file run30.cif (mmCIF, C-alpha atoms and all ligand atoms)
data_target
loop_
_atom_site.label_atom_id
_atom_site.label_comp_id
_atom_site.auth_asym_id
_atom_site.auth_seq_id
_atom_site.Cartn_x
_atom_site.Cartn_y
_atom_site.Cartn_z
CA MET A 1 -6.16 -42.74 38.12
CA SER A 2 -2.68 -43.12 36.76
CA GLU A 3 -0.68 -40.01 37.43
CA LYS A 4 2.32 -40.93 35.34
CA LEU A 5 3.47 -37.98 33.34
CA SER A 6 4.85 -38.53 29.90
CA VAL A 7 6.40 -35.99 27.58
CA LYS A 8 5.33 -36.27 23.98
CA ALA A 9 6.26 -34.29 20.91
CA THR A 10 2.98 -33.42 19.26
CA LYS A 11 2.55 -34.05 15.58
CA LEU A 12 1.88 -30.79 13.81
CA LYS A 13 -1.70 -30.81 12.63
CA LYS A 14 -2.15 -31.90 9.01
CA GLU A 15 -4.76 -29.22 8.45
CA LYS A 16 -3.82 -25.59 8.28
CA PRO A 17 -1.94 -24.55 11.40
CA VAL A 18 -3.96 -22.19 13.52
CA GLY A 19 -1.70 -22.32 16.52
CA LEU A 20 1.46 -24.38 16.58
CA GLU A 21 1.82 -26.91 19.37
CA LEU A 22 5.37 -27.82 20.24
CA LYS A 23 5.12 -30.14 23.22
CA LYS A 24 2.47 -31.90 25.28
CA ILE A 25 2.56 -33.41 28.73
CA LYS A 26 -0.27 -35.87 29.20
CA THR A 27 -1.72 -38.35 31.63
CA ARG A 28 -4.80 -40.52 31.03
CA THR A 29 -8.45 -39.94 31.89
CA THR A 30 -11.78 -41.21 30.58
CA ASN A 31 -14.02 -38.43 31.84
CA ILE A 32 -16.66 -36.93 29.58
CA VAL A 33 -16.58 -33.23 30.23
CA GLU A 34 -19.77 -31.21 30.54
CA ILE A 35 -18.42 -27.78 31.39
CA SER A 36 -15.18 -26.14 30.22
CA VAL A 37 -13.96 -23.00 31.94
CA VAL A 38 -11.45 -21.02 29.85
CA ILE A 39 -9.20 -18.50 31.60
CA PRO A 40 -6.61 -16.32 29.85
CA ILE A 41 -3.84 -15.52 32.26
CA PHE A 42 -0.88 -13.19 32.02
CA ASN A 43 1.36 -12.29 34.93
CA GLU A 44 -1.23 -12.92 37.64
CA GLN A 45 1.00 -14.56 40.26
CA GLU A 46 -0.81 -12.76 43.08
CA ASN A 47 -4.20 -14.06 41.92
CA VAL A 48 -3.59 -17.67 40.79
CA ASP A 49 -3.89 -19.33 44.21
CA GLN A 50 -7.04 -17.56 45.32
CA LEU A 51 -8.60 -17.86 41.90
CA SER A 52 -8.00 -21.60 41.62
CA GLU A 53 -9.16 -22.24 45.17
CA ARG A 54 -12.42 -20.33 44.78
CA LEU A 55 -13.06 -21.59 41.26
CA LEU A 56 -12.46 -25.27 42.03
CA LYS A 57 -14.61 -25.04 45.16
CA THR A 58 -17.48 -23.59 43.11
CA MET A 59 -17.08 -26.07 40.27
CA ASP A 60 -16.71 -29.11 42.54
CA ALA A 61 -20.00 -28.14 44.23
CA ILE A 62 -21.88 -28.19 40.90
CA LYS A 63 -21.41 -31.96 40.70
CA LYS A 64 -20.94 -32.03 36.96
CA ARG A 65 -17.84 -33.12 35.09
CA TYR A 66 -15.80 -30.06 34.28
CA GLU A 67 -12.39 -28.89 33.21
CA VAL A 68 -10.56 -25.62 33.69
CA ILE A 69 -8.28 -24.56 30.84
CA PHE A 70 -5.75 -21.93 31.80
CA VAL A 71 -4.10 -20.30 28.81
CA ASP A 72 -0.84 -18.85 30.01
CA ASP A 73 -0.24 -15.94 27.68
CA GLY A 74 3.54 -15.87 28.03
CA SER A 75 3.68 -14.89 31.71
CA SER A 76 7.11 -13.86 32.92
CA ASP A 77 6.38 -13.93 36.65
CA LYS A 78 5.61 -16.96 38.84
CA THR A 79 2.23 -17.62 37.16
CA SER A 80 3.53 -20.53 35.04
CA THR A 81 5.22 -22.23 38.00
CA LYS A 82 2.06 -21.88 40.05
CA LEU A 83 -0.02 -23.33 37.22
CA ARG A 84 2.33 -26.31 36.97
CA SER A 85 1.92 -27.15 40.61
CA LEU A 86 -1.83 -26.64 40.38
CA PHE A 87 -1.88 -29.13 37.47
CA LYS A 88 0.06 -31.63 39.56
CA ARG A 89 -2.44 -31.32 42.40
CA ARG A 90 -5.63 -31.38 40.33
CA SER A 91 -4.78 -32.93 36.98
CA ASP A 92 -8.26 -34.47 37.03
CA VAL A 93 -9.76 -31.08 36.11
CA ILE A 94 -6.91 -28.70 35.26
CA ARG A 95 -5.41 -28.23 31.80
CA VAL A 96 -2.76 -25.64 31.04
CA ILE A 97 -1.88 -24.30 27.61
CA MET A 98 1.36 -22.36 27.60
CA PHE A 99 2.14 -19.88 24.84
CA ASN A 100 5.70 -19.12 23.83
CA GLY A 101 5.02 -15.39 24.17
CA ASN A 102 2.37 -12.78 24.82
CA TYR A 103 -0.42 -12.74 22.22
CA GLY A 104 -3.14 -10.93 24.13
CA GLN A 105 -6.22 -11.87 26.13
CA TYR A 106 -8.48 -12.60 23.16
CA ILE A 107 -6.02 -14.80 21.31
CA ALA A 108 -5.49 -16.71 24.57
CA ILE A 109 -9.24 -17.27 24.86
CA LEU A 110 -9.34 -18.48 21.25
CA ALA A 111 -6.60 -21.01 21.97
CA GLY A 112 -8.65 -22.23 24.93
CA PHE A 113 -11.71 -22.49 22.66
CA GLU A 114 -9.78 -24.68 20.24
CA HIS A 115 -9.13 -27.17 23.04
CA VAL A 116 -12.43 -27.27 24.95
CA ARG A 117 -14.11 -30.65 25.50
CA GLY A 118 -17.25 -29.51 27.31
CA ASN A 119 -20.76 -28.96 25.94
CA VAL A 120 -20.91 -25.64 27.74
CA VAL A 121 -18.02 -23.19 27.76
CA VAL A 122 -17.53 -20.51 30.40
CA THR A 123 -14.97 -17.70 30.13
CA LEU A 124 -13.57 -15.86 33.12
CA ASP A 125 -10.71 -13.43 33.75
CA ALA A 126 -7.96 -14.43 36.13
CA ASP A 127 -7.90 -11.18 38.08
CA LEU A 128 -10.92 -11.98 40.30
CA GLN A 129 -12.75 -8.80 39.26
CA ASN A 130 -15.62 -11.12 38.37
CA LEU A 131 -16.59 -13.68 40.95
CA PRO A 132 -16.06 -17.38 40.11
CA GLU A 133 -18.89 -18.00 42.59
CA GLU A 134 -21.35 -16.53 40.06
CA ILE A 135 -20.63 -19.19 37.40
CA PRO A 136 -23.56 -21.38 38.59
CA ILE A 137 -25.96 -18.49 37.88
CA LEU A 138 -24.80 -18.41 34.26
CA LEU A 139 -25.02 -22.19 33.99
CA GLY A 140 -28.56 -22.00 35.36
CA LYS A 141 -29.51 -19.71 32.47
CA ILE A 142 -27.96 -22.14 29.98
CA ASP A 143 -30.09 -24.90 31.55
CA GLU A 144 -33.14 -22.67 31.05
CA GLY A 145 -32.44 -22.85 27.31
CA TYR A 146 -30.38 -19.77 26.50
CA ASP A 147 -27.42 -20.51 24.26
CA LEU A 148 -25.32 -17.54 25.30
CA VAL A 149 -25.29 -15.88 28.71
CA GLY A 150 -23.38 -12.60 28.77
CA GLY A 151 -22.51 -10.96 32.04
CA TYR A 152 -22.63 -7.19 32.26
CA ARG A 153 -20.84 -5.34 35.02
CA MET A 154 -23.43 -3.77 37.29
CA LYS A 155 -21.11 -1.24 38.88
CA ARG A 156 -17.87 -1.16 37.05
CA GLN A 157 -14.88 -0.92 39.40
CA ASP A 158 -12.18 0.35 37.08
CA ASN A 159 -10.64 3.78 36.87
CA PHE A 160 -12.43 6.60 35.08
CA PHE A 161 -10.29 6.26 31.97
CA ARG A 162 -10.82 2.48 31.57
CA THR A 163 -14.55 2.72 32.22
CA TYR A 164 -15.19 5.52 29.73
CA ALA A 165 -12.76 4.29 27.08
CA SER A 166 -14.54 0.96 27.18
CA LYS A 167 -18.01 2.58 27.10
CA MET A 168 -16.92 4.44 23.98
CA VAL A 169 -15.65 1.24 22.34
CA ASN A 170 -18.94 -0.48 23.24
CA HIS A 171 -20.80 2.36 21.57
CA ILE A 172 -18.69 2.32 18.38
CA ARG A 173 -19.09 -1.44 18.19
CA ALA A 174 -22.86 -1.26 18.55
CA SER A 175 -23.30 1.37 15.86
CA ALA A 176 -20.76 -0.01 13.38
CA THR A 177 -21.67 -3.67 13.67
CA GLY A 178 -25.29 -3.64 14.72
CA ILE A 179 -24.49 -6.30 17.31
CA ILE A 180 -26.57 -5.64 20.38
CA MET A 181 -25.02 -6.69 23.68
CA LYS A 182 -24.72 -4.90 26.97
CA ASP A 183 -21.05 -5.19 27.79
CA HIS A 184 -18.68 -6.88 25.35
CA GLY A 185 -15.74 -6.34 27.70
CA CYS A 186 -17.14 -8.46 30.51
CA MET A 187 -15.53 -11.87 30.30
CA LEU A 188 -17.82 -13.72 32.66
CA ARG A 189 -19.87 -15.43 29.97
CA ALA A 190 -21.25 -18.87 29.17
CA TYR A 191 -21.80 -20.38 25.74
CA LYS A 192 -23.27 -23.53 24.31
CA ARG A 193 -20.59 -25.45 22.50
CA PHE A 194 -21.87 -24.90 18.95
CA ILE A 195 -21.21 -21.16 19.27
CA ILE A 196 -17.62 -21.78 20.30
CA ASP A 197 -17.15 -24.17 17.37
CA GLU A 198 -18.33 -21.45 15.00
CA VAL A 199 -15.99 -18.90 16.57
CA VAL A 200 -13.06 -21.28 16.15
CA LYS A 201 -14.03 -21.94 12.52
CA THR A 202 -13.78 -18.27 11.55
CA ARG A 203 -9.99 -18.45 11.82
CA GLU A 204 -9.92 -14.75 12.66
CA THR A 205 -6.52 -13.26 13.29
CA SER A 206 -7.60 -10.51 15.62
CA THR A 207 -11.00 -11.31 16.91
CA PHE A 208 -13.34 -9.54 19.20
CA ILE A 209 -14.64 -12.82 20.47
CA THR A 210 -17.59 -11.70 22.53
CA ALA A 211 -19.14 -9.75 19.65
CA LEU A 212 -18.40 -12.54 17.20
CA ALA A 213 -20.01 -15.14 19.45
CA GLN A 214 -23.04 -12.90 19.88
CA LYS A 215 -23.48 -13.03 16.10
CA PHE A 216 -23.69 -16.82 16.17
CA ALA A 217 -26.05 -17.08 19.13
CA GLY A 218 -29.73 -17.75 18.55
CA ASN A 219 -31.10 -17.10 21.99
CA PRO A 220 -28.74 -14.89 24.00
CA ILE A 221 -29.39 -13.15 27.30
CA ASP A 222 -27.48 -10.52 29.28
CA ILE A 223 -27.46 -10.80 33.06
CA PRO A 224 -25.95 -8.48 35.67
CA VAL A 225 -22.79 -9.72 37.38
CA THR A 226 -20.70 -8.36 40.21
CA HIS A 227 -17.52 -6.48 39.38
CA VAL A 228 -15.02 -5.71 42.10
CA GLU A 229 -11.77 -3.77 42.09
CA ARG A 230 -8.59 -5.56 41.13
CA LYS A 231 -7.03 -6.49 44.47
CA ALA A 232 -3.67 -7.62 43.14
CA GLY A 233 -1.60 -7.05 40.01
CA ASP A 234 -2.17 -4.38 37.38
CA SER A 235 -4.59 -4.06 34.51
CA LYS A 236 -2.85 -5.33 31.41
CA TYR A 237 -4.46 -2.70 29.22
CA ASN A 238 -3.03 0.63 28.20
CA LEU A 239 -4.25 3.31 25.79
CA TYR A 240 -2.48 1.69 22.84
CA LYS A 241 -4.12 -1.70 23.43
CA LEU A 242 -7.54 -0.05 23.75
CA ILE A 243 -7.08 1.82 20.48
CA ARG A 244 -6.04 -1.46 18.85
CA ILE A 245 -9.23 -3.09 20.08
CA ALA A 246 -11.35 -0.27 18.66
CA PHE A 247 -9.68 -0.71 15.24
CA ASP A 248 -10.04 -4.49 15.41
CA LEU A 249 -13.69 -4.10 16.10
CA LEU A 250 -14.32 -1.69 13.29
CA THR A 251 -12.31 -3.41 10.61
CA GLY A 252 -13.08 -6.92 11.79
CA PHE A 253 -16.80 -6.64 11.50
CA SER A 254 -17.58 -4.27 8.68
CA LEU A 255 -16.40 -2.41 5.65
CA ILE A 256 -18.20 0.69 6.88
CA PRO A 257 -15.02 2.60 7.84
CA LEU A 258 -13.68 2.11 4.35
CA GLN A 259 -16.98 3.17 2.84
CA VAL A 260 -17.31 6.20 5.13
CA PHE A 261 -13.82 7.11 4.10
CA THR A 262 -14.70 6.97 0.41
CA ILE A 263 -17.67 9.25 1.04
CA ILE A 264 -15.54 11.71 3.05
CA GLY A 265 -13.03 11.65 0.19
CA MET A 266 -15.79 12.46 -2.31
CA VAL A 267 -17.22 15.29 -0.21
CA ILE A 268 -13.81 16.82 0.39
CA SER A 269 -12.77 16.62 -3.22
CA SER A 270 -15.99 18.30 -4.38
CA ALA A 271 -15.56 20.98 -1.70
CA SER A 272 -11.96 21.54 -2.71
CA GLY A 273 -13.02 21.77 -6.37
CA ILE A 274 -15.48 24.53 -5.48
CA TYR A 275 -12.87 26.20 -3.28
CA PHE A 276 -10.39 26.12 -6.15
CA PHE A 277 -12.80 27.85 -8.49
CA VAL A 278 -13.66 30.49 -5.85
CA GLU A 279 -9.94 31.21 -5.38
CA LEU A 280 -9.44 31.30 -9.12
CA PHE A 281 -12.32 33.71 -9.48
CA LYS A 282 -10.88 35.93 -6.69
CA LYS A 283 -7.52 35.93 -8.46
CA ILE A 284 -9.14 36.95 -11.73
CA ILE A 285 -11.01 39.89 -10.16
CA GLY A 286 -7.82 40.81 -8.22
CA ASN A 287 -9.19 40.26 -4.67
CA HIS A 288 -6.59 37.69 -3.51
CA HIS A 289 -4.39 37.82 -0.37
CA GLY A 290 -3.08 35.58 2.48
CA TYR A 291 -2.14 31.90 2.50
CA GLY A 292 -3.51 30.81 5.91
CA LEU A 293 -6.61 29.24 4.50
CA HIS A 294 -4.53 27.40 1.92
CA PHE A 295 -2.34 25.83 4.56
CA ALA A 296 -5.30 24.80 6.68
CA PHE A 297 -6.82 23.24 3.66
CA VAL A 298 -3.64 21.31 2.76
CA PHE A 299 -3.28 20.02 6.33
CA LEU A 300 -6.87 18.89 6.38
CA LEU A 301 -6.40 17.05 3.13
CA LEU A 302 -3.16 15.46 4.33
CA SER A 303 -4.74 14.24 7.54
CA VAL A 304 -7.58 12.64 5.62
CA ILE A 305 -5.09 10.91 3.32
CA ILE A 306 -3.01 9.61 6.21
CA LEU A 307 -6.09 8.33 8.01
CA GLY A 308 -7.17 6.62 4.80
CA VAL A 309 -3.82 4.95 4.31
CA GLY A 310 -3.97 3.74 7.93
CA LEU A 311 -7.43 2.28 7.41
CA LEU A 312 -6.37 0.56 4.22
CA GLY A 313 -3.42 -0.82 6.14
CA GLU A 314 -5.76 -2.30 8.75
CA TYR A 315 -7.72 -4.21 6.13
CA LEU A 316 -4.62 -5.19 4.18
CA GLY A 317 -2.97 -6.46 7.35
CA ARG A 318 -5.94 -8.69 8.11
CA ALA A 319 -6.01 -10.00 4.55
CA TYR A 320 -2.27 -10.60 4.68
CA PHE A 321 -2.47 -12.69 7.83
CA ALA A 322 -5.40 -14.66 6.45
CA VAL A 323 -3.67 -15.34 3.14
CA CYS A 324 -0.36 -16.49 4.53
CA GLU A 325 -2.04 -18.49 7.30
CA HIS A 326 0.15 -17.01 9.92
CA PRO A 327 -0.36 -18.95 13.17
CA ARG A 328 -2.32 -16.80 15.59
CA PHE A 329 -0.32 -18.14 18.49
CA VAL A 330 2.37 -20.69 19.23
CA ILE A 331 1.84 -23.21 22.03
CA ARG A 332 5.04 -24.07 23.83
CA GLU A 333 3.58 -26.76 26.03
CA ILE A 334 0.30 -28.32 27.09
CA LEU A 335 -0.26 -29.90 30.49
CA GLU A 336 -3.26 -32.20 30.39
CA LYS A 337 -4.60 -35.68 30.94
CA GLU A 338 -5.38 -37.62 27.82
CA GLU A 339 -9.08 -38.06 27.06
N1 LIG B 401 -4.57 -11.11 29.90
C1 LIG B 401 -3.93 -11.97 29.01
N2 LIG B 401 -3.04 -11.43 28.12
C2 LIG B 401 -2.78 -10.11 28.04
C3 LIG B 401 -3.50 -9.24 28.90
C4 LIG B 401 -4.38 -9.78 29.81
O1 LIG B 401 -4.13 -13.18 29.06
O2 LIG B 401 -1.96 -9.69 27.21
C5 LIG B 401 -5.53 -11.66 30.86
C6 LIG B 401 -5.32 -11.20 32.30
O3 LIG B 401 -4.42 -12.03 32.99
C7 LIG B 401 -6.72 -11.31 32.84
C8 LIG B 401 -7.59 -10.95 31.66
O4 LIG B 401 -6.79 -11.21 30.50
O5 LIG B 401 -7.03 -12.62 33.21
C9 LIG B 401 -8.07 -9.52 31.69
O6 LIG B 401 -6.97 -8.64 31.83
P1 LIG B 401 -7.05 -7.32 32.71
O7 LIG B 401 -7.67 -7.62 34.04
O8 LIG B 401 -5.71 -6.72 32.73
O9 LIG B 401 -8.02 -6.45 31.86
P2 LIG B 401 -9.09 -5.39 32.41
O10 LIG B 401 -9.83 -6.02 33.55
O11 LIG B 401 -8.29 -4.21 32.82
O12 LIG B 401 -9.96 -5.18 31.20
MG MG B 402 -9.56 -7.02 34.95
#
call {"tool": "encode", "arguments": {"input": "run30.cif", "output": "structure tokens"}}
result
Amino acid sequence: MSEKLSVKATKLKKEKPVGLELKKIKTRTTNIVEISVVIPIFNEQENVDQLSERLLKTMDAIKKRYEVIFVDDGSSDKTSTKLRSLFKRRSDVIRVIMFNGNYGQYIAILAGFEHVRGNVVVTLDADLQNLPEEIPILLGKIDEGYDLVGGYRMKRQDNFFRTYASKMVNHIRASATGIIMKDHGCMLRAYKRFIIDEVVKTRETSTFITALAQKFAGNPIDIPVTHVERKAGDSKYNLYKLIRIAFDLLTGFSLIPLQVFTIIGMVISSASGIYFFVELFKKIIGNHHGYGLHFAFVFLLLSVIILGVGLLGEYLGRAYFAVCEHPRFVIREILEKEE
């Protein structure tokens, strides 16, 4: 295999830009890929070596043609350097997509999805909380005929806050979207290619990929997978990011929040109409004192209005990004062998 690296400026796609690609480094290969593993990775310098070693060992043993696509989500530690040297060592299977900044785990996965070559696509986190060694179990289920295999974490090893926040988000998602799946936050999953193609086609700006994919699957199955504590590095999620995900989920999949809001608005305005007439009546018969209730009422009304404006903003923001075809991410560089 020729290992000569060449630097090429990539032509910007003629179709609508989804992610911009600025530069590609390529070498040649003629392999037909059967399995693509997509891994979003952000500041995981402590995990890259062990992850790649365990993953490649598992994948090599499967004896099928595969590729591993790392999407470096703007890491600022040694992750990118480590990925470069990994690519040099195993450019037969490794591809690296490097973003110009941090766009978030789900956008990174989407970028990976846009580049997959395999008929089956597996996603995995880089933090080793899920075991790369369990990938063959998922692939076995795909061979049995399932088109989506979702892992669910048997015993979740995250702190109390993360576990319960995520349970709550799971619950909101299930009731607002009607999409039934055990654990949308578990990234150890396998998909048949057609599902991934559909996900890519949606051109979502802020997608909850696992739930979206579940919608496109015809024959999905959930299977239990191991979940261990993070041994190195920190969770990249904080309260703000979790709240963002909950909003993405709600506004991305349904108009229900907007409709619920309209109904709340109607109920409150009828109630305040009645309240107004009661107060007016009291005033007329001269039994009127104290403003406490008035203030409470005004605050309640204000909070509803602010919440409503926020919700409208969520939908407007999504429409805005869709209309102006804002790229969801910008790719600074791609390390890969040419097909
Ligand atoms: N990640 C990413 N971009 C981000 C945050 C996280 O690519 O902005 C990656 C991270 O490197 C890991 C995966 O997404 O591979 C899951 O992140 P993390 O383990 O922090 O999430 P948690 O397990 O706490 O849900
Ligand atoms: Mg994790």
call {"tool": "closest_residue", "arguments": {"input": "run30.cif", "among": "A:Ser80, A:Asn130, A:Thr177, A:Asn219", "to": "Val149 (chain A)", "atoms": "only C-alpha atoms"}}
result
A:Asn219
call {"tool": "residues_near_ligand", "arguments": {"input": "run30.cif", "ligand": "ligand LIG 401 (chain B)", "cutoff": "6 Å", "atoms": "all atoms listed in the file", "output": "PyMOL selection string"}}
result
chain A and resi 40-42+44+73+102+104-105+108+125-127+235-237
call {"tool": "closest_residue", "arguments": {"input": "run30.cif", "among": "A:Phe329, A:Phe297, A:Tyr240, A:Phe281", "to": "Ile107 (chain A)", "atoms": "all atoms listed in the file"}}
result
A:Phe329
call {"tool": "residues_around", "arguments": {"input": "run30.cif", "residues": "region 45-50 of chain A", "least_positions_apart": "5", "cutoff": "12 Å", "atoms": "all atoms listed in the file", "output": "JSON, numbers by chain"}}
result
{"A": [39, 40, 55, 56, 57, 70, 72, 75, 76, 77, 78, 79, 80, 81, 82, 83, 84, 85, 86, 125, 126, 127, 128, 129, 131, 132, 230, 231, 232, 233, 234]}
call {"tool": "residues_around", "arguments": {"input": "run30.cif", "residues": "Phe161 (chain A)", "least_positions_apart": "5", "cutoff": "10 Å", "atoms": "only C-alpha atoms", "output": "list in words"}}
result
Ser166, Lys167, Asn238 and Leu239 of chain A
call {"tool": "closest_residue", "arguments": {"input": "run30.cif", "among": "A:Val228, A:Leu148, A:Cys324, A:Ala217", "to": "ligand MG 402 (chain B)", "atoms": "only C-alpha atoms and all ligand atoms"}}
result
A:Val228
call {"tool": "atom_distance", "arguments": {"input": "run30.cif", "atom1": "CA of Asp147 (chain A)", "atom2": "CA of Val199 (chain A)"}}
result
13.9 Å
call {"tool": "residues_around", "arguments": {"input": "run30.cif", "residues": "Arg193 (chain A)", "least_positions_apart": "6", "cutoff": "9 Å", "atoms": "all atoms listed in the file", "output": "list in words"}}
result
Val116, Arg117, Gly118, Asn119, Val120, Val121 and Asp147 of chain A
call {"tool": "residues_around", "arguments": {"input": "run30.cif", "residues": "Gly218 (chain A)", "least_positions_apart": "4", "cutoff": "12 Å", "atoms": "all atoms listed in the file", "output": "list in words"}}
result
Gly145, Tyr146, Asp147, Leu148, Val149, Tyr191, Lys192, Phe194, Ile195, Ala213 and Gln214 of chain A
call {"tool": "write_last_selection", "arguments": {"input": "run30.cif", "atoms": "C-alpha atoms", "output": "short mmCIF file (atom, residue, chain, number, x, y, z; two decimals), in the coordinates of the input"}}
result
data_model
loop_
_atom_site.label_atom_id
_atom_site.label_comp_id
_atom_site.auth_asym_id
_atom_site.auth_seq_id
_atom_site.Cartn_x
_atom_site.Cartn_y
_atom_site.Cartn_z
CA GLY A 145 -32.44 -22.85 27.31
CA TYR A 146 -30.38 -19.77 26.50
CA ASP A 147 -27.42 -20.51 24.26
CA LEU A 148 -25.32 -17.54 25.30
CA VAL A 149 -25.29 -15.88 28.71
CA TYR A 191 -21.80 -20.38 25.74
CA LYS A 192 -23.27 -23.53 24.31
CA PHE A 194 -21.87 -24.90 18.95
CA ILE A 195 -21.21 -21.16 19.27
CA ALA A 213 -20.01 -15.14 19.45
CA GLN A 214 -23.04 -12.90 19.88
#
call {"tool": "closest_residue", "arguments": {"input": "run30.cif", "among": "A:Asp183, A:Ile196, A:Gln157, A:Tyr103", "to": "ligand MG 402 (chain B)", "atoms": "only C-alpha atoms and all ligand atoms"}}
result
A:Gln157
call {"tool": "closest_residue", "arguments": {"input": "run30.cif", "among": "A:Arg95, A:His115, A:Arg244, A:His227", "to": "Asp197 (chain A)", "atoms": "only C-alpha atoms"}}
result
A:His115
call {"tool": "closest_residue", "arguments": {"input": "run30.cif", "among": "A:Met168, A:Val298, A:Leu335, A:Val330", "to": "His184 (chain A)", "atoms": "all atoms listed in the file"}}
result
A:Met168
call {"tool": "atom_distance", "arguments": {"input": "run30.cif", "atom1": "CA of Leu110 (chain A)", "atom2": "CA of Ile94 (chain A)"}}
result
17.5 Å
call {"tool": "residues_around", "arguments": {"input": "run30.cif", "residues": "Ser272 (chain A)", "least_positions_apart": "3", "cutoff": "12 Å", "atoms": "only C-alpha atoms", "output": "PyMOL selection string"}}
result
chain A and resi 264-269+275-280+293-294+296-298+300-301
call {"tool": "atom_distance", "arguments": {"input": "run30.cif", "atom1": "CA of Ala246 (chain A)", "atom2": "CA of Gly150 (chain A)"}}
result
20.0 Å
call {"tool": "build_atoms", "arguments": {"input": "run30.cif", "residues": "region 57-69 of chain A", "atoms": "N, CA, C and O atoms", "output": "short mmCIF file (atom, residue, chain, number, x, y, z; two decimals), in the frame of the given file"}}
result
data_model
loop_
_atom_site.label_atom_id
_atom_site.label_comp_id
_atom_site.auth_asym_id
_atom_site.auth_seq_id
_atom_site.Cartn_x
_atom_site.Cartn_y
_atom_site.Cartn_z
N LYS A 57 -13.59 -24.81 44.14
CA LYS A 57 -14.61 -25.04 45.16
C LYS A 57 -16.00 -24.90 44.53
O LYS A 57 -16.88 -25.75 44.73
N THR A 58 -16.18 -23.82 43.77
CA THR A 58 -17.48 -23.59 43.11
C THR A 58 -17.80 -24.72 42.14
O THR A 58 -18.92 -25.24 42.12
N MET A 59 -16.83 -25.08 41.31
CA MET A 59 -17.08 -26.07 40.27
C MET A 59 -17.30 -27.47 40.86
O MET A 59 -18.16 -28.20 40.39
N ASP A 60 -16.53 -27.80 41.90
CA ASP A 60 -16.71 -29.11 42.54
C ASP A 60 -18.14 -29.24 43.08
O ASP A 60 -18.74 -30.31 43.04
N ALA A 61 -18.68 -28.11 43.60
CA ALA A 61 -20.00 -28.14 44.23
C ALA A 61 -21.11 -28.36 43.20
O ALA A 61 -22.20 -28.81 43.55
N ILE A 62 -20.84 -28.05 41.93
CA ILE A 62 -21.88 -28.19 40.90
C ILE A 62 -22.19 -29.65 40.61
O ILE A 62 -23.27 -30.00 40.14
N LYS A 63 -21.22 -30.52 40.91
CA LYS A 63 -21.41 -31.96 40.70
C LYS A 63 -21.64 -32.32 39.24
O LYS A 63 -22.49 -33.15 38.90
N LYS A 64 -20.93 -31.64 38.37
CA LYS A 64 -20.94 -32.03 36.96
C LYS A 64 -19.49 -32.18 36.55
O LYS A 64 -18.62 -31.56 37.16
N ARG A 65 -19.23 -32.98 35.53
CA ARG A 65 -17.84 -33.12 35.09
C ARG A 65 -17.40 -31.84 34.41
O ARG A 65 -18.08 -31.33 33.54
N TYR A 66 -16.27 -31.32 34.84
CA TYR A 66 -15.80 -30.06 34.28
C TYR A 66 -14.30 -30.09 34.08
O TYR A 66 -13.61 -30.99 34.57
N GLU A 67 -13.83 -29.09 33.35
CA GLU A 67 -12.39 -28.89 33.21
C GLU A 67 -12.13 -27.40 33.26
O GLU A 67 -13.01 -26.60 32.96
N VAL A 68 -10.95 -27.02 33.71
CA VAL A 68 -10.56 -25.62 33.69
C VAL A 68 -9.33 -25.52 32.80
O VAL A 68 -8.33 -26.21 33.03
N ILE A 69 -9.43 -24.73 31.74
CA ILE A 69 -8.28 -24.56 30.84
C ILE A 69 -7.67 -23.20 31.09
O ILE A 69 -8.27 -22.16 30.81
#
